[in-house]
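Single-structure report; data block below.
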Amino acid sequence: MRFAHLWYDTRVRALLTQVLLLALVLGGFAWLVSNTVTNLAARGMNIDFGFFGQAARFPLSETLIPYTPADSFARAFLAGLLNTLMVAVIVIALATVLGFALGAARRSAHPLLRGSISRSSATRR
């Protein structure tokens, strides 16, 4: 009788559904990891980060730090990470300037500036 009462409670069913879904996702992830480890072991391959010390043997066109193809994968990873951070900083700065300019134009008393910004934002909605 108590179980039937809990079954008709929507909060209990929602919690049970979430717990079952989490168990399915975690079980699927565990199966994928187990399958990957088994298949790599059958082929004699290791799962480690030892390759970071090996020579990368590929060029990078633009880097903030000195890099040659004879450098390690770790150095190539660091160069790529620094390139990504540089682009992110540039884009954030440009987006801030553009947003400020558009916001100032929208608040402007000049009818051409205010009207062109208002019309362009209204057509996007």
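Quick note on naming: the chains in the structure tokens go A, B, ... in the order shown, residues restart at 1 in each chain, and ligands are numbered from 1 in order of appearance.
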Using only C-alpha atoms, which residues sit within 9 Å of stretch 82-84 of chain A once same-chain residues fewer than 2 positions away are excluded, as a ChimeraX atom specification? /A:62-65,77-80,86-89
From the list A:Val33, A:Gln54, A:Ala101, A:Val91, the nearest residue to A:Ile117 using only C-alpha atoms is A:Ala101
Exercise. What's the 8 Å shell around A:Thr68, counting only C-alpha atoms, without same-chain residues fewer than 6 positions away, as an MDAnalysis selection string?
Worked result: chainID A and resid 58:60
- Message: Would you pick out the contacts of A:Asp71 at 10 Å or less, using only C-alpha atoms, so that residues sharing its chain but fewer than 4 positions from it are not included, and give the list as a PyMOL selection string?
- Response: chain A and resi 52-59+66-67+75-76
With N, CA and C atoms retained, export the selected residues as a PDB file, in the first residue's frame.
ATOM      1  N   PHE A  52      53.841  13.088 -24.774  1.00  0.00           N
ATOM      2  CA  PHE A  52      54.121  14.520 -24.651  1.00  0.00           C
ATOM      3  C   PHE A  52      55.621  14.823 -24.736  1.00  0.00           C
ATOM      4  N   GLY A  53      56.453  13.862 -24.404  1.00  0.00           N
ATOM      5  CA  GLY A  53      57.895  14.061 -24.470  1.00  0.00           C
ATOM      6  C   GLY A  53      58.477  13.807 -25.850  1.00  0.00           C
ATOM      7  N   GLN A  54      57.719  13.206 -26.755  1.00  0.00           N
ATOM      8  CA  GLN A  54      58.216  12.888 -28.092  1.00  0.00           C
ATOM      9  C   GLN A  54      58.169  14.118 -28.989  1.00  0.00           C
ATOM     10  N   ALA A  55      58.943  14.072 -30.063  1.00  0.00           N
ATOM     11  CA  ALA A  55      58.961  15.179 -31.018  1.00  0.00           C
ATOM     12  C   ALA A  55      57.617  15.249 -31.739  1.00  0.00           C
ATOM     13  N   ALA A  56      57.106  16.449 -31.890  1.00  0.00           N
ATOM     14  CA  ALA A  56      55.797  16.634 -32.514  1.00  0.00           C
ATOM     15  C   ALA A  56      55.875  16.424 -34.029  1.00  0.00           C
ATOM     16  N   ARG A  57      56.926  16.894 -34.694  1.00  0.00           N
ATOM     17  CA  ARG A  57      57.165  16.719 -36.131  1.00  0.00           C
ATOM     18  C   ARG A  57      56.107  17.384 -37.013  1.00  0.00           C
ATOM     19  N   PHE A  58      55.503  18.459 -36.539  1.00  0.00           N
ATOM     20  CA  PHE A  58      54.603  19.244 -37.401  1.00  0.00           C
ATOM     21  C   PHE A  58      54.815  20.720 -37.092  1.00  0.00           C
ATOM     22  N   PRO A  59      54.695  21.563 -38.114  1.00  0.00           N
ATOM     23  CA  PRO A  59      54.912  22.995 -37.890  1.00  0.00           C
ATOM     24  C   PRO A  59      53.636  23.693 -37.424  1.00  0.00           C
ATOM     25  N   PRO A  66      58.770  30.509 -29.079  1.00  0.00           N
ATOM     26  CA  PRO A  66      59.536  29.829 -30.119  1.00  0.00           C
ATOM     27  C   PRO A  66      59.160  28.343 -30.192  1.00  0.00           C
ATOM     28  N   TYR A  67      58.921  27.864 -31.414  1.00  0.00           N
ATOM     29  CA  TYR A  67      58.517  26.469 -31.614  1.00  0.00           C
ATOM     30  C   TYR A  67      59.049  25.979 -32.956  1.00  0.00           C
ATOM     31  N   ARG A  75      55.298  21.080 -25.870  1.00  0.00           N
ATOM     32  CA  ARG A  75      55.589  22.440 -26.329  1.00  0.00           C
ATOM     33  C   ARG A  75      54.571  22.875 -27.386  1.00  0.00           C
ATOM     34  N   ALA A  76      54.192  21.952 -28.291  1.00  0.00           N
ATOM     35  CA  ALA A  76      53.179  22.266 -29.307  1.00  0.00           C
ATOM     36  C   ALA A  76      51.833  22.550 -28.641  1.00  0.00           C
TER      37      ALA A  76
END
- request: Enumerate, as a PyMOL selection string, the complete set of residues in stretch 6-110 of chain A that a backbone-based DSSP assignment places in helix (DSSP H, G or I).
  value: chain A and resi 6-7+10-42+50-53+73-107
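Neighbours of A:Arg114 closer than or equal to 6 Å, with only C-alpha atoms counted and sequence neighbours fewer than 4 positions away skipped, come out as Ala105, Arg106 and Ser108 of chain A.
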